[in-house]
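A.B. asks: There's a structure below that I have some questions on.
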Protein chains: 2
Amino acid sequence: MELRQLRYFLKAAETLNFTDAAKQMYITQSTLSQQIKQLETELNVLLFDRIGKKVFLTEAGNEFLPFAKQTVGDADLAVQRIQDLQGIRTGSLRIGITYSLSFGLAPIILRFMKEYPNIKLEVFYNTAQELLQMLKDRELDFVLSFSMTVKDEQIEETDLYEVPLCAIVHLRHPLAFQKNISLKELKQYSLVLPSRGLSARSALNDLLQTNDLKLDPHLEMNDANILLQLVESSLYVTVLSKTTILGRPELRAIPIKEQQNGMMASVLTMKGAYQKASAEAFLKLFEEGTLLK
Amino acid sequence: MELRQLRYFLKAAETLNFTDAAKQMYITQSTLSQQIKQLETELNVLLFDRIGKKVFLTEAGNEFLPFAKQTVGDADLAVQRIQDLQGIRTGSLRIGITYSLSFGLAPIILRFMKEYPNIKLEVFYNTAQELLQMLKDRELDFVLSFSMTVKDEQIEETDLYEVPLCAIVHLRHPLAFQKNISLKELKQYSLVLPSRGLSARSALNDLLQTNDLKLDPHLEMNDANILLQLVESSLYVTVLSKTTILGRPELRAIPIKEQQNGMMASVLTMKGAYQKASAEAFLKLFEEGTLLK
DNA sequence: GATATCAATCGAAAAAACCGATTAATATGG
DNA sequence: CCATATTAATCGGTTTTTTCGATTGATATC
């Protein structure tokens, strides 16, 4: 068993198509087939079901997958560690960001790219849930999101700053200039809410649960961006973190009474995992950038 | 970079002698030299200092070492997972045990070997400190020791049962038939104590600290076995867990007054790491075996 | 039923790993 | 201080492994 074979396996498991996987690994389909077969022979188990011309992971393949990911991920980290040690500012950095924290990110990304022109930066926008899964699968170096209400053993949280949860309305909405709003009041308005899985919704749900309340949204949407567009062109009310309306002059954010503390913006990392020098550098820029606001 | 090279590197780092390392890996010294060199070329860094005919790890090599261990360890686990899945009772199991828990272990080991004749079992007796390091270096599957007073983030503890800390004396010693003994009383006797690093000593030190006391042993010894032999043939007093005197009819264990709870015998494992089926099986035997007592 | 797409297989070529012998450097011991 | 033993590096040749390109057979798709 060699790392090469594990890499081929991972790509094949991802695409479920040997021809595509081979192309992406810059080898021929023949080679990929043979290497997978060799791996299967060594493990004495089939990793893929070949039903007709389709391939699926077998149960064994599914079990093997996370271990293979872990192994390859660790190997890549080993290389990264050496590069960090040499002060070589190369490699790649994959970060996940939830929508609420994205405003003001562009200038930081630009500064980072300027200072580290040889580091390939990949930014993933997604729900906190999805990003967390990607983090666990070693597909991300860190996630910028919110402190989780349900703590995860494997995840390390580093708090950044608080972001209050607010009702978001158009500036012509009757609520627009109200100082704050209670959850009960909120119930009287037509609501469009972020779906379960978005961090703002998780925080809202917690708040509702402790206050023994329930809201009936007309719409749930797993994209905060579109949600805001909706509110911009209607009299619907949504609930998101205050920072999401930055750069949208037609919207107003009204703090929610019941919440003592806002959501805690946090850096989420895998506990005990090595943090790349480039990751540290990015976070430093991010903290500096946001502290100025 | 391939697993093969990482394995060669690990062995070379362990022996610090390419010739020996090559022998142990069943390749020639020539091959090992070449593979290490290839790895160094790929990483663009020297992993070993070749000073004369001696080799040492460079700083980079030292940094690389734990990552290489982790990677190879994960790869081995991946294979193990597949074997577990197939119910193949093969592979190897490496466990660490502190002396205090060793009594009564022999029959369990024999039963395990009988039921799993194809699993290569390696048992390491050592201090809790050493075993913990081995566990972190992925050299052990689990450690049978005591719950740590200073908790470690990476280590998972599973409690088994309590073992009281006792003063151990020969049956002709004046203390031999006393119901219990205070730490203050203990101060009046000639003491031979386990060294720092042995779990009994750690527990004792904690007890002394909370009671603001200090003991002056005549001797400190990092082997409980020899310590007991000493006490068996003298009027010295030592402090160890009660279970250590099982099978030694000439010794008596007198509980220490100040302690509310004994030391907690525990299984120590790496947090989040996969536990082999064979490891689970061994622990099951161990728990069954000790519960009967 | 023709066509396109897919994975497996085969033989040959290319690459890589490995070996044995040699060299050069340096400890060791008389 | 010199002879000897030990060590890692290097080199040429061999073996093994990986890879490729072409083909085959199976099966979706139109």
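In the structure tokens, each chain is lettered A, B, ... as it comes, each chain's residues begin at 1, and ligands are numbered from 1 in order of appearance.
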Any idea which chain B residues end up within 12 Å of chain D if we count only C-alpha atoms (C1' of nucleotides), as a list in words please?
C.D. replies: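 Residues satisfying the distance criterion: Leu16, Asn17, Phe18, Thr19, Asp20, Ala22, Thr28, Gln29, Ser30, Thr31, Leu32, Ser33, Gln34, Ile36, Lys37, Phe48, Asp49, Arg50, Ile51, Gly52, Lys53, Lys54 and Val55 of chain B.
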A.B. asks: Show me, as an MDAnalysis selection string, the residues that have an atom within 8 Å of Leu213 (chain B) when counting only C-alpha atoms (C1' of nucleotides), minus same-chain residues fewer than 3 positions from it.
C.D. replies: chainID B and resid 183:184 208:210
A.B. asks: Contacts of Gly73 (chain B) at 9 Å or less, counting only C-alpha atoms (C1' of nucleotides), minus same-chain residues fewer than 2 places along, as a PyMOL selection string?
C.D. replies: (chain A and resi 71) or (chain B and resi 68-71+75-78+137-139)
A.B. asks: Export C-alpha atoms of the chosen residues as a PDB file, in the first residue's frame?
C.D. replies:
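Saved to part.pdb:
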```pdb
ATOM      1  CA  THR A  71      -3.504   9.201   5.885  1.00  0.00           C
TER       2      THR A  71
ATOM      3  CA  ALA B  68       5.794  10.667   9.444  1.00  0.00           C
ATOM      4  CA  LYS B  69       4.816   8.540  12.442  1.00  0.00           C
ATOM      5  CA  GLN B  70       1.285   9.831  12.271  1.00  0.00           C
ATOM      6  CA  THR B  71       0.985   9.134   8.577  1.00  0.00           C
ATOM      7  CA  ALA B  75      -2.071   3.879   7.051  1.00  0.00           C
ATOM      8  CA  ASP B  76      -1.671   0.842   9.302  1.00  0.00           C
ATOM      9  CA  LEU B  77      -4.965   1.665  10.979  1.00  0.00           C
ATOM     10  CA  ALA B  78      -6.667   1.805   7.593  1.00  0.00           C
ATOM     11  CA  ASP B 137       3.873   8.213  19.197  1.00  0.00           C
ATOM     12  CA  ARG B 138       1.353   5.615  17.986  1.00  0.00           C
ATOM     13  CA  GLU B 139       3.591   2.853  19.228  1.00  0.00           C
TER      14      GLU B 139
END
```
A.B. asks: Fewer than 2 positions away in the same chain doesn't count, so skip those; otherwise give me all residues within 9 Å of Leu198 (chain B), counting only C-alpha atoms (C1' of nucleotides), as number ranges by chain.
C.D. replies: B: 98-99, 126-129, 194-196, 200-203, 222-224
A.B. asks: Write out as JSON lines a residue-level contact list of chain A versus chain B with cut-off 10 Å: for each qualifying residue the closest pair of atoms and the distance in Å to one decimal, counting only C-alpha atoms, rows sorted by chain and residue number upward.
C.D. replies:
```
{"residue": "A:Met1", "atom": "CA", "partner": "B:Leu3", "partner_atom": "CA", "distance": 7.6}
{"residue": "A:Glu2", "atom": "CA", "partner": "B:Leu3", "partner_atom": "CA", "distance": 5.3}
{"residue": "A:Leu3", "atom": "CA", "partner": "B:Glu2", "partner_atom": "CA", "distance": 5.3}
{"residue": "A:Arg4", "atom": "CA", "partner": "B:Glu2", "partner_atom": "CA", "distance": 6.9}
{"residue": "A:Gln5", "atom": "CA", "partner": "B:Glu2", "partner_atom": "CA", "distance": 9.6}
{"residue": "A:Leu6", "atom": "CA", "partner": "B:Ala75", "partner_atom": "CA", "distance": 9.3}
{"residue": "A:Glu42", "atom": "CA", "partner": "B:Val79", "partner_atom": "CA", "distance": 9.3}
{"residue": "A:Leu43", "atom": "CA", "partner": "B:Val79", "partner_atom": "CA", "distance": 6.8}
{"residue": "A:Asn44", "atom": "CA", "partner": "B:Gln83", "partner_atom": "CA", "distance": 8.8}
{"residue": "A:Val45", "atom": "CA", "partner": "B:Ile82", "partner_atom": "CA", "distance": 7.9}
{"residue": "A:Leu47", "atom": "CA", "partner": "B:Ile82", "partner_atom": "CA", "distance": 10.0}
{"residue": "A:Glu59", "atom": "CA", "partner": "B:Leu85", "partner_atom": "CA", "distance": 9.3}
{"residue": "A:Ala60", "atom": "CA", "partner": "B:Ile82", "partner_atom": "CA", "distance": 6.6}
{"residue": "A:Gly61", "atom": "CA", "partner": "B:Ile82", "partner_atom": "CA", "distance": 8.7}
{"residue": "A:Glu63", "atom": "CA", "partner": "B:Ile82", "partner_atom": "CA", "distance": 7.4}
{"residue": "A:Phe64", "atom": "CA", "partner": "B:Ala78", "partner_atom": "CA", "distance": 6.2}
{"residue": "A:Leu65", "atom": "CA", "partner": "B:Ala78", "partner_atom": "CA", "distance": 8.6}
{"residue": "A:Pro66", "atom": "CA", "partner": "B:Ala78", "partner_atom": "CA", "distance": 8.5}
{"residue": "A:Phe67", "atom": "CA", "partner": "B:Ala78", "partner_atom": "CA", "distance": 5.1}
{"residue": "A:Ala68", "atom": "CA", "partner": "B:Ala78", "partner_atom": "CA", "distance": 6.6}
{"residue": "A:Lys69", "atom": "CA", "partner": "B:Asp74", "partner_atom": "CA", "distance": 9.5}
{"residue": "A:Gln70", "atom": "CA", "partner": "B:Asp74", "partner_atom": "CA", "distance": 6.8}
{"residue": "A:Thr71", "atom": "CA", "partner": "B:Thr71", "partner_atom": "CA", "distance": 5.2}
{"residue": "A:Val72", "atom": "CA", "partner": "B:Thr71", "partner_atom": "CA", "distance": 7.4}
{"residue": "A:Gly73", "atom": "CA", "partner": "B:Thr71", "partner_atom": "CA", "distance": 8.3}
{"residue": "A:Asp74", "atom": "CA", "partner": "B:Thr71", "partner_atom": "CA", "distance": 5.3}
{"residue": "A:Ala75", "atom": "CA", "partner": "B:Thr71", "partner_atom": "CA", "distance": 5.6}
{"residue": "A:Asp76", "atom": "CA", "partner": "B:Thr71", "partner_atom": "CA", "distance": 9.2}
{"residue": "A:Leu77", "atom": "CA", "partner": "B:Phe67", "partner_atom": "CA", "distance": 7.3}
{"residue": "A:Ala78", "atom": "CA", "partner": "B:Phe67", "partner_atom": "CA", "distance": 5.1}
{"residue": "A:Val79", "atom": "CA", "partner": "B:Leu43", "partner_atom": "CA", "distance": 6.8}
{"residue": "A:Gln80", "atom": "CA", "partner": "B:Leu43", "partner_atom": "CA", "distance": 9.4}
{"residue": "A:Arg81", "atom": "CA", "partner": "B:Phe64", "partner_atom": "CA", "distance": 7.2}
{"residue": "A:Ile82", "atom": "CA", "partner": "B:Ala60", "partner_atom": "CA", "distance": 6.5}
{"residue": "A:Gln83", "atom": "CA", "partner": "B:Leu43", "partner_atom": "CA", "distance": 7.9}
{"residue": "A:Leu85", "atom": "CA", "partner": "B:Ala60", "partner_atom": "CA", "distance": 7.3}
{"residue": "A:Gln86", "atom": "CA", "partner": "B:Val45", "partner_atom": "CA", "distance": 8.5}
{"residue": "A:Glu153", "atom": "CA", "partner": "B:Gly272", "partner_atom": "CA", "distance": 8.5}
{"residue": "A:Gln154", "atom": "CA", "partner": "B:Gly272", "partner_atom": "CA", "distance": 7.3}
{"residue": "A:Lys271", "atom": "CA", "partner": "B:Gln154", "partner_atom": "CA", "distance": 8.5}
{"residue": "A:Gly272", "atom": "CA", "partner": "B:Gln154", "partner_atom": "CA", "distance": 7.3}
{"residue": "A:Tyr274", "atom": "CA", "partner": "B:Phe67", "partner_atom": "CA", "distance": 9.1}
```
A.B. asks: For Leu219 (chain B), please output as a ChimeraX atom specification all residues within 12 Å (counting only C-alpha atoms (C1' of nucleotides); exclusion window: fewer than 4 positions along the same chain).
C.D. replies: /B:190-196,215,223,226-227,230-231,236-238
A.B. asks: Residues of the last selection are to be written out with N, CA and C atoms, as a JSON list (two decimals), in the first residue's frame.
C.D. replies:
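And here's out.json as it stands now:
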```json
[["chain", "number", "residue", "atom", "x", "y", "z"],
["B", 190, "SER", "N", 11.20, 4.56, 58.00],
["B", 190, "SER", "CA", 12.18, 4.60, 56.91],
["B", 190, "SER", "C", 11.48, 4.24, 55.61],
["B", 191, "LEU", "N", 11.57, 5.15, 54.66],
["B", 191, "LEU", "CA", 10.78, 4.99, 53.45],
["B", 191, "LEU", "C", 11.63, 4.69, 52.23],
["B", 192, "VAL", "N", 11.15, 3.77, 51.43],
["B", 192, "VAL", "CA", 11.67, 3.61, 50.07],
["B", 192, "VAL", "C", 10.47, 3.83, 49.14],
["B", 193, "LEU", "N", 10.60, 4.78, 48.22],
["B", 193, "LEU", "CA", 9.42, 5.17, 47.43],
["B", 193, "LEU", "C", 9.65, 4.97, 45.93],
["B", 194, "PRO", "N", 8.56, 4.76, 45.21],
["B", 194, "PRO", "CA", 8.68, 4.73, 43.75],
["B", 194, "PRO", "C", 9.09, 6.12, 43.23],
["B", 195, "SER", "N", 9.82, 6.15, 42.15],
["B", 195, "SER", "CA", 10.29, 7.41, 41.57],
["B", 195, "SER", "C", 9.13, 8.20, 40.98],
["B", 196, "ARG", "N", 9.41, 9.45, 40.81],
["B", 196, "ARG", "CA", 8.51, 10.29, 40.02],
["B", 196, "ARG", "C", 8.32, 9.62, 38.65],
["B", 215, "LEU", "N", 7.58, 14.02, 52.34],
["B", 215, "LEU", "CA", 8.21, 12.80, 52.85],
["B", 215, "LEU", "C", 9.66, 12.77, 52.38],
["B", 223, "ASP", "N", 11.32, 1.02, 39.74],
["B", 223, "ASP", "CA", 10.79, -0.31, 39.45],
["B", 223, "ASP", "C", 10.10, -0.84, 40.69],
["B", 226, "ILE", "N", 11.26, -4.40, 42.21],
["B", 226, "ILE", "CA", 12.45, -4.43, 43.07],
["B", 226, "ILE", "C", 12.15, -3.76, 44.39],
["B", 227, "LEU", "N", 11.33, -2.73, 44.34],
["B", 227, "LEU", "CA", 10.91, -2.03, 45.54],
["B", 227, "LEU", "C", 10.25, -3.01, 46.52],
["B", 230, "LEU", "N", 12.69, -5.38, 48.08],
["B", 230, "LEU", "CA", 13.40, -4.67, 49.15],
["B", 230, "LEU", "C", 12.61, -4.72, 50.44],
["B", 231, "VAL", "N", 11.33, -4.40, 50.33],
["B", 231, "VAL", "CA", 10.48, -4.36, 51.52],
["B", 231, "VAL", "C", 10.30, -5.77, 52.09],
["B", 236, "TYR", "N", 11.79, -1.64, 55.81],
["B", 236, "TYR", "CA", 11.42, -0.42, 55.10],
["B", 236, "TYR", "C", 9.92, -0.41, 54.80],
["B", 237, "VAL", "N", 9.43, 0.79, 54.58],
["B", 237, "VAL", "CA", 8.03, 0.96, 54.19],
["B", 237, "VAL", "C", 8.01, 1.59, 52.79],
["B", 238, "THR", "N", 7.14, 1.11, 51.96],
["B", 238, "THR", "CA", 6.97, 1.79, 50.68],
["B", 238, "THR", "C", 5.49, 2.13, 50.48]]
```
A.B. asks: Calculate how many Å separate CA of Leu93 (chain B) from CA of Leu105 (chain B), rounding to one decimal.
C.D. replies: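 Calculated distance between CA of Leu93 (chain B) and CA of Leu105 (chain B) is 15.3 Å.
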A.B. asks: Just list as a PyMOL selection string whatever in region 6-166 of chain A DSSP marks as strand (DSSP E or B).
C.D. replies: chain A and resi 48-51+54-57+91-97+119-125+142-146+155-163+165-166
A.B. asks: Write down as a ChimeraX atom specification the residues belonging to region 81-156 of chain A that are assigned alpha helix (DSSP H) by DSSP computed on the backbone.
C.D. replies: /A:81-85,105-115,128-136
A.B. asks: Emit the selected residues as a compact mmCIF listing (two decimals), in the first residue's frame, including C-alpha atoms.
C.D. replies:
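Listed below is the output, out34.txt:
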```
# COMPACT_ATOMS: atom_id res chain seq x y z
CA ARG A 81 5.47 21.38 8.02
CA ILE A 82 8.83 21.16 6.30
CA GLN A 83 7.91 24.00 3.97
CA ASP A 84 6.75 26.13 6.87
CA LEU A 85 10.03 25.40 8.61
CA LEU A 105 -13.38 39.61 3.58
CA ALA A 106 -12.52 40.63 0.04
CA PRO A 107 -9.89 43.23 1.03
CA ILE A 108 -8.29 40.71 3.42
CA ILE A 109 -8.14 38.10 0.72
CA LEU A 110 -6.53 40.61 -1.61
CA ARG A 111 -3.94 41.57 0.98
CA PHE A 112 -3.15 37.95 1.65
CA MET A 113 -2.75 37.17 -2.04
CA LYS A 114 -0.45 40.16 -2.41
CA GLU A 115 1.75 39.15 0.51
CA ALA A 128 -21.59 25.87 8.95
CA GLN A 129 -22.76 22.26 8.86
CA GLU A 130 -21.22 21.54 5.48
CA LEU A 131 -18.01 23.37 6.29
CA LEU A 132 -17.66 21.41 9.50
CA GLN A 133 -17.93 18.17 7.61
CA MET A 134 -15.32 19.36 5.13
CA LEU A 135 -13.05 20.31 8.03
CA LYS A 136 -13.41 16.84 9.51
```
A.B. asks: Would you mind listing, as an mmCIF file with C-alpha atoms (C1' of nucleotides), in the first residue's frame, all residues of chain C that have at least one atom within 12 Å of chain A, where only C-alpha atoms (C1' of nucleotides) are what counts?
C.D. replies:
```
data_model
loop_
_atom_site.group_PDB
_atom_site.id
_atom_site.type_symbol
_atom_site.label_atom_id
_atom_site.label_comp_id
_atom_site.auth_asym_id
_atom_site.auth_seq_id
_atom_site.Cartn_x
_atom_site.Cartn_y
_atom_site.Cartn_z
ATOM 1 C "C1'" DT C 5 -19.267 5.015 -22.734
ATOM 2 C "C1'" DC C 6 -17.258 2.487 -19.324
ATOM 3 C "C1'" DA C 7 -13.899 -0.820 -16.808
ATOM 4 C "C1'" DA C 8 -10.885 -4.774 -17.502
ATOM 5 C "C1'" DT C 9 -7.114 -6.827 -19.723
ATOM 6 C "C1'" DC C 10 -2.869 -7.490 -22.391
#
```
A.B. asks: What does the distance between CA of Thr269 (chain A) and CA of Thr269 (chain B) come to in Å, to one decimal place?
C.D. replies: 21.5 Å
A.B. asks: When you draw a straight line from CA of Asn62 (chain A) to CA of Gln35 (chain A), how long is it in Å?
C.D. replies: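 CA of Gln35 (chain A) lies at a distance of 17.8 Å from CA of Asn62 (chain A).
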A.B. asks: Would you list the contacts of Ser147 (chain B) as a PyMOL selection string, taking every protein, DNA or RNA residue within 7 Å and counting only C-alpha atoms (C1' of nucleotides), but skipping same-chain residues closer than 4 positions in sequence?
C.D. replies: chain B and resi 157+264-266
